[in-house]
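Structure record follows, encoded as structure tokens.
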Amino acid sequence: MTELEERSHPFRDSHQDVAVAEITPDTAQTRAPAYRLAFTDTEFLLREELRPVRLQLELLKPQMIMDARGIRSTVVMFGGARIPAPERREGARTPELAALSHYYDEARRFARLMTERSLESYGAENVICTGGGPGVMEAGNLGAHEAGGASIGLSIVLPHEQTPNAYVTPDLCFNFHYFAIRKMHFLMRAKAVTIFPGGFGTMDEMFEALTLIQTGRMKRVPFILFGPEFWHKVINWQALAEAGTISPEDLELISFVESADEAVEIIDNWEVPCP
């Protein structure tokens with residue numbers, strides 16, 4: 001049975017009309033922008049008034065592809081794009097950045113371990129999800145690749161030229177215009193969130209997810225920060241509680257680990273705390 005025969009309604013398929021429109025006689029009328037089919041008219045779709053439609057499309061496309069792949073849960077990995085692999089640490093911008101290179105290996109190992117669990121569900125659960133770029137993101141996709149499993153890369157168009165890292169599963173490599181929709185896809189299936197040392201982007205993603213959990217807009221999941229020394233140096237967590245800007249129990253939303261094995265143990269033994 002063909003795809004057309006399986007359709008649940010008798011109306012003409014949009015693909016058919018697109019094909020017919022491409023062979024329409026060339027006249028002044030058919031060349032006019034007004035004559036283009038609305039859903040094939042790029043200039044129309046990029047108009048300011050069409051922003052709500054574009055937001056919906058960016059939400060739908062990855063959702064439909066991941067649903068078709070049967071992906072039910074993900075393990076999210078946030079972290080610095082500038083953290084080098086240990087063999088490339090000599091090229092790091094600062095000695096401090098070079099010293100963080102061992103977290104590349106921890107990210108790689110963590111992703112490999114979690115992907116081994118993912119394969120037990122035939123790739124439906126615990127699928128590694130990164131931002132698709134270099135550094136910690138590359139390490140996450142590489143670890144999943146080495147385990148023989150799939151991984152997701154959620155890229156975004158930035159002002160400077162970029163390409164996804166080579167280890168993202170190609171048909172799970174997405175590109176976004178809207179940061180907000182990208183962030184939704186990071187968290188919609190998240191079974192655990194891991195944060196490696198990073199900069200503004202990492203902190204933005206970390207605090208947004210943490211706020212959603214703190215306010216009850218997202219259910220509590222393992223929220224794991226790799227590198228206690230780094231995170232306690234750049235953020236005075238206890239001072240926030242002492243100042244009263246967060247509650248002391250908010251600090252219990254976060255776990256700090258140094259190694260992949262510690263993170264996996266937290267995820268494997270996770271029980272949702274009583275409210």
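Ordered as shown in the structure tokens, chains take letters A, B, and onward, while each chain numbers its residues from 1 and ligands are numbered from 1 in the order shown.
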
Per-residue nearest contacts stretch 78-194 of chain A to stretch 248-271 of chain A, cut-off 7 Å, using only C-alpha atoms, as a tab-separated table:
residue	atom	partner	partner_atom	distance
A:Glu106	CA	A:Ala260	CA	5.4
A:Ala107	CA	A:Ala260	CA	6.9
A:Arg109	CA	A:Ala260	CA	6.3
A:Phe110	CA	A:Ala260	CA	4.6

Quiz item: Please, which residues of stretch 14-163 of chain A, numbered as in this document, come out helix (DSSP H, G or I) from DSSP, as an NGL selection string?
Solution: :A and (14-22 or 28-31 or 33-35 or 38-40 or 42-45 or 48-69 or 86-91 or 95-99 or 102-120 or 136-146)

Find the residues near A:Ala21: any atom within 12 Å, counting only C-alpha atoms, skip ones fewer than 2 places away on the same chain, and give them as an mmCIF file with all heavy atoms, in the first residue's frame.
data_model
loop_
_atom_site.group_PDB
_atom_site.id
_atom_site.type_symbol
_atom_site.label_atom_id
_atom_site.label_comp_id
_atom_site.auth_asym_id
_atom_site.auth_seq_id
_atom_site.Cartn_x
_atom_site.Cartn_y
_atom_site.Cartn_z
ATOM 1 N N SER A 14 -0.590 17.559 -0.808
ATOM 2 C CA SER A 14 0.138 18.802 -1.073
ATOM 3 C C SER A 14 1.350 18.569 -1.963
ATOM 4 O O SER A 14 1.712 19.423 -2.779
ATOM 5 C CB SER A 14 0.566 19.459 0.239
ATOM 6 O OG SER A 14 1.333 18.570 1.017
ATOM 7 N N HIS A 15 1.998 17.393 -1.833
ATOM 8 C CA HIS A 15 3.141 17.093 -2.691
ATOM 9 C C HIS A 15 2.738 17.087 -4.165
ATOM 10 O O HIS A 15 3.503 17.519 -5.032
ATOM 11 C CB HIS A 15 3.748 15.724 -2.329
ATOM 12 C CG HIS A 15 4.451 15.703 -1.004
ATOM 13 N ND1 HIS A 15 3.789 15.418 0.161
ATOM 14 C CD2 HIS A 15 5.745 15.936 -0.670
ATOM 15 C CE1 HIS A 15 4.636 15.456 1.168
ATOM 16 N NE2 HIS A 15 5.827 15.773 0.692
ATOM 17 N N GLN A 16 1.552 16.597 -4.431
ATOM 18 C CA GLN A 16 1.074 16.556 -5.814
ATOM 19 C C GLN A 16 0.929 17.963 -6.387
ATOM 20 O O GLN A 16 1.327 18.237 -7.520
ATOM 21 C CB GLN A 16 -0.268 15.819 -5.881
ATOM 22 C CG GLN A 16 -0.182 14.344 -5.543
ATOM 23 C CD GLN A 16 -1.555 13.717 -5.461
ATOM 24 O OE1 GLN A 16 -2.416 14.164 -4.709
ATOM 25 N NE2 GLN A 16 -1.769 12.662 -6.256
ATOM 26 N N ASP A 17 0.368 18.857 -5.589
ATOM 27 C CA ASP A 17 0.169 20.215 -6.083
ATOM 28 C C ASP A 17 1.495 20.969 -6.223
ATOM 29 O O ASP A 17 1.644 21.802 -7.116
ATOM 30 C CB ASP A 17 -0.782 20.978 -5.172
ATOM 31 C CG ASP A 17 -2.240 20.655 -5.474
ATOM 32 O OD1 ASP A 17 -2.482 19.916 -6.448
ATOM 33 O OD2 ASP A 17 -3.115 21.132 -4.742
ATOM 34 N N VAL A 18 2.450 20.681 -5.366
ATOM 35 C CA VAL A 18 3.774 21.299 -5.520
ATOM 36 C C VAL A 18 4.394 20.872 -6.845
ATOM 37 O O VAL A 18 4.955 21.685 -7.582
ATOM 38 C CB VAL A 18 4.695 20.922 -4.340
ATOM 39 C CG1 VAL A 18 6.133 21.347 -4.631
ATOM 40 C CG2 VAL A 18 4.204 21.573 -3.050
ATOM 41 N N ALA A 19 4.272 19.588 -7.158
ATOM 42 C CA ALA A 19 4.831 19.084 -8.412
ATOM 43 C C ALA A 19 4.144 19.718 -9.618
ATOM 44 O O ALA A 19 4.798 20.090 -10.604
ATOM 45 C CB ALA A 19 4.701 17.562 -8.465
ATOM 46 N N ILE A 23 5.447 22.888 -12.946
ATOM 47 C CA ILE A 23 5.376 22.785 -14.411
ATOM 48 C C ILE A 23 4.275 23.669 -14.984
ATOM 49 O O ILE A 23 3.864 23.501 -16.125
ATOM 50 C CB ILE A 23 5.150 21.314 -14.840
ATOM 51 C CG1 ILE A 23 3.860 20.748 -14.234
ATOM 52 C CG2 ILE A 23 6.346 20.443 -14.458
ATOM 53 C CD1 ILE A 23 3.497 19.364 -14.759
ATOM 54 N N THR A 24 3.786 24.608 -14.168
ATOM 55 C CA THR A 24 2.770 25.555 -14.638
ATOM 56 C C THR A 24 3.360 26.431 -15.744
ATOM 57 O O THR A 24 4.523 26.826 -15.680
ATOM 58 C CB THR A 24 2.305 26.446 -13.471
ATOM 59 O OG1 THR A 24 1.743 25.617 -12.463
ATOM 60 C CG2 THR A 24 1.259 27.454 -13.928
ATOM 61 N N PRO A 25 2.610 26.742 -16.797
ATOM 62 C CA PRO A 25 3.114 27.620 -17.872
ATOM 63 C C PRO A 25 3.656 28.931 -17.326
ATOM 64 O O PRO A 25 3.117 29.500 -16.370
ATOM 65 C CB PRO A 25 1.864 27.851 -18.740
ATOM 66 C CG PRO A 25 1.025 26.639 -18.512
ATOM 67 C CD PRO A 25 1.246 26.247 -17.083
ATOM 68 N N ASP A 26 4.752 29.376 -17.905
ATOM 69 C CA ASP A 26 5.428 30.592 -17.450
ATOM 70 C C ASP A 26 4.720 31.824 -18.030
ATOM 71 O O ASP A 26 4.812 32.104 -19.227
ATOM 72 C CB ASP A 26 6.896 30.556 -17.895
ATOM 73 C CG ASP A 26 7.672 31.750 -17.380
ATOM 74 O OD1 ASP A 26 7.241 32.348 -16.370
ATOM 75 O OD2 ASP A 26 8.706 32.099 -17.981
ATOM 76 N N THR A 30 1.823 33.728 -13.327
ATOM 77 C CA THR A 30 2.405 32.624 -12.552
ATOM 78 C C THR A 30 3.754 32.989 -11.953
ATOM 79 O O THR A 30 4.210 32.338 -11.014
ATOM 80 C CB THR A 30 2.555 31.363 -13.422
ATOM 81 O OG1 THR A 30 3.452 31.636 -14.508
ATOM 82 C CG2 THR A 30 1.213 30.916 -13.959
ATOM 83 N N ARG A 31 4.419 34.033 -12.508
ATOM 84 C CA ARG A 31 5.699 34.484 -11.944
ATOM 85 C C ARG A 31 5.506 35.404 -10.745
ATOM 86 O O ARG A 31 6.444 35.665 -9.998
ATOM 87 C CB ARG A 31 6.530 35.201 -13.009
ATOM 88 C CG ARG A 31 7.138 34.281 -14.050
ATOM 89 C CD ARG A 31 8.223 35.003 -14.848
ATOM 90 N NE ARG A 31 7.700 36.168 -15.571
ATOM 91 C CZ ARG A 31 7.207 36.107 -16.797
ATOM 92 N NH1 ARG A 31 7.161 34.952 -17.445
ATOM 93 N NH2 ARG A 31 6.739 37.203 -17.389
ATOM 94 N N TYR A 35 1.115 34.333 -6.535
ATOM 95 C CA TYR A 35 0.634 33.080 -7.098
ATOM 96 C C TYR A 35 1.275 31.855 -6.433
ATOM 97 O O TYR A 35 0.774 30.749 -6.556
ATOM 98 C CB TYR A 35 0.914 33.065 -8.607
ATOM 99 C CG TYR A 35 0.267 31.914 -9.347
ATOM 100 C CD1 TYR A 35 -1.095 31.917 -9.632
ATOM 101 C CD2 TYR A 35 1.025 30.825 -9.776
ATOM 102 C CE1 TYR A 35 -1.690 30.867 -10.309
ATOM 103 C CE2 TYR A 35 0.443 29.765 -10.455
ATOM 104 C CZ TYR A 35 -0.915 29.790 -10.720
ATOM 105 O OH TYR A 35 -1.499 28.757 -11.393
ATOM 106 N N ARG A 36 2.389 32.055 -5.759
ATOM 107 C CA ARG A 36 3.084 30.909 -5.154
ATOM 108 C C ARG A 36 2.204 30.250 -4.084
ATOM 109 O O ARG A 36 1.490 30.926 -3.353
ATOM 110 C CB ARG A 36 4.397 31.356 -4.496
ATOM 111 C CG ARG A 36 5.410 31.954 -5.434
ATOM 112 C CD ARG A 36 6.581 32.517 -4.655
ATOM 113 N NE ARG A 36 7.424 33.358 -5.483
ATOM 114 C CZ ARG A 36 8.181 34.345 -5.027
ATOM 115 N NH1 ARG A 36 8.195 34.617 -3.726
ATOM 116 N NH2 ARG A 36 8.909 35.068 -5.851
ATOM 117 N N LEU A 37 2.300 28.936 -3.994
ATOM 118 C CA LEU A 37 1.649 28.249 -2.887
ATOM 119 C C LEU A 37 2.236 28.780 -1.581
ATOM 120 O O LEU A 37 3.452 28.877 -1.433
ATOM 121 C CB LEU A 37 1.879 26.739 -2.989
ATOM 122 C CG LEU A 37 1.146 26.028 -4.130
ATOM 123 C CD1 LEU A 37 1.683 24.618 -4.313
ATOM 124 C CD2 LEU A 37 -0.351 26.006 -3.870
ATOM 125 N N ALA A 38 1.397 29.101 -0.631
ATOM 126 C CA ALA A 38 1.865 29.756 0.592
ATOM 127 C C ALA A 38 2.934 28.953 1.314
ATOM 128 O O ALA A 38 3.918 29.501 1.815
ATOM 129 C CB ALA A 38 0.673 30.017 1.518
ATOM 130 N N THR A 40 5.142 26.953 0.138
ATOM 131 C CA THR A 40 6.417 26.846 -0.568
ATOM 132 C C THR A 40 7.041 28.221 -0.802
ATOM 133 O O THR A 40 8.100 28.314 -1.421
ATOM 134 C CB THR A 40 6.246 26.154 -1.935
ATOM 135 O OG1 THR A 40 5.433 26.983 -2.788
ATOM 136 C CG2 THR A 40 5.615 24.781 -1.781
ATOM 137 N N ASP A 41 6.411 29.260 -0.306
ATOM 138 C CA ASP A 41 6.859 30.634 -0.527
ATOM 139 C C ASP A 41 7.754 31.073 0.625
ATOM 140 O O ASP A 41 7.282 31.504 1.682
ATOM 141 C CB ASP A 41 5.637 31.559 -0.641
ATOM 142 C CG ASP A 41 6.000 32.972 -1.063
ATOM 143 O OD1 ASP A 41 7.194 33.325 -0.962
ATOM 144 O OD2 ASP A 41 5.098 33.710 -1.479
#

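Excluding A:Asp105 itself and any same-chain residue fewer than 3 positions from it, the protein and nucleic acid residues within 10 Å of it, counting only C-alpha atoms, are Pro84, Ala85, Pro86, Leu100, Ser101, His102, Arg108, Arg109, Phe110, Ala111, Val136, Ala139, Gly140, Gly143, Ser259 and Ala260 of chain A.
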
Could you write out the selected residues, including N, CA, C and O atoms, as a compact mmCIF listing (two decimals), in the first residue's frame?
# COMPACT_ATOMS: atom_id res chain seq x y z
N PRO A 84 38.97 21.62 25.61
CA PRO A 84 39.59 20.77 24.60
C PRO A 84 39.70 19.32 25.05
O PRO A 84 39.66 19.02 26.25
N ALA A 85 39.84 18.44 24.08
CA ALA A 85 40.21 17.07 24.40
C ALA A 85 41.62 17.09 24.99
O ALA A 85 42.43 17.97 24.65
N PRO A 86 41.95 16.15 25.89
CA PRO A 86 43.28 16.18 26.52
C PRO A 86 44.43 16.25 25.52
O PRO A 86 45.42 16.94 25.77
N LEU A 100 40.97 21.99 32.51
CA LEU A 100 39.62 21.41 32.48
C LEU A 100 39.46 20.32 31.44
O LEU A 100 38.39 19.72 31.33
N SER A 101 40.52 20.04 30.68
CA SER A 101 40.39 19.10 29.56
C SER A 101 40.02 17.69 30.01
O SER A 101 39.45 16.93 29.22
N HIS A 102 40.34 17.35 31.27
CA HIS A 102 39.99 15.99 31.70
C HIS A 102 38.47 15.79 31.75
O HIS A 102 37.98 14.65 31.72
N ARG A 108 32.92 12.10 27.73
CA ARG A 108 32.96 11.02 26.73
C ARG A 108 32.62 9.68 27.38
O ARG A 108 31.82 8.91 26.86
N ARG A 109 33.21 9.43 28.56
CA ARG A 109 32.95 8.17 29.25
C ARG A 109 31.51 8.10 29.75
O ARG A 109 30.84 7.07 29.64
N PHE A 110 31.03 9.21 30.29
CA PHE A 110 29.64 9.24 30.78
C PHE A 110 28.66 8.94 29.65
O PHE A 110 27.74 8.14 29.81
N ALA A 111 28.87 9.57 28.50
CA ALA A 111 27.97 9.35 27.36
C ALA A 111 28.03 7.90 26.89
O ALA A 111 27.01 7.32 26.51
N VAL A 136 32.73 19.91 25.19
CA VAL A 136 31.98 18.90 25.94
C VAL A 136 30.89 18.28 25.07
O VAL A 136 30.61 17.08 25.17
N ALA A 139 32.39 15.66 22.97
CA ALA A 139 32.73 14.50 23.80
C ALA A 139 31.50 13.63 24.05
O ALA A 139 31.58 12.40 24.02
N GLY A 140 30.35 14.28 24.30
CA GLY A 140 29.13 13.52 24.54
C GLY A 140 28.70 12.72 23.33
O GLY A 140 28.37 11.53 23.43
N GLY A 143 31.19 9.81 22.74
CA GLY A 143 31.00 8.67 23.63
C GLY A 143 29.83 7.81 23.21
O GLY A 143 29.91 6.57 23.24
N SER A 259 33.31 12.46 38.61
CA SER A 259 33.54 11.43 37.60
C SER A 259 32.25 10.94 36.96
O SER A 259 31.15 11.10 37.51
N ALA A 260 32.41 10.30 35.82
CA ALA A 260 31.27 9.70 35.10
C ALA A 260 30.60 8.62 35.94
O ALA A 260 29.37 8.51 35.96

Exercise. Skip stretch 199-203 of chain A itself and residues of its chain fewer than 2 positions away, then list as number ranges by chain all residues within 12 Å of it, counting only C-alpha atoms.
Key: A: 76-83, 97, 130-131, 133, 135-137, 156, 179, 183, 193-197, 205-211, 225, 230-231, 234-235

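Take the candidates A:Pro273, A:Gly244, A:Gly198, A:Pro62 and check each one against A:Val221 using only C-alpha atoms; the shortest distance goes to A:Pro273.
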
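Non-sequential neighbours of A:Pro164 (distance at most 8 Å, separation of 4 or more positions within a chain, only C-alpha atoms) are Gly132, Gly133, Pro134, Gly153, Ser155, Val168 and Cys173 of chain A.
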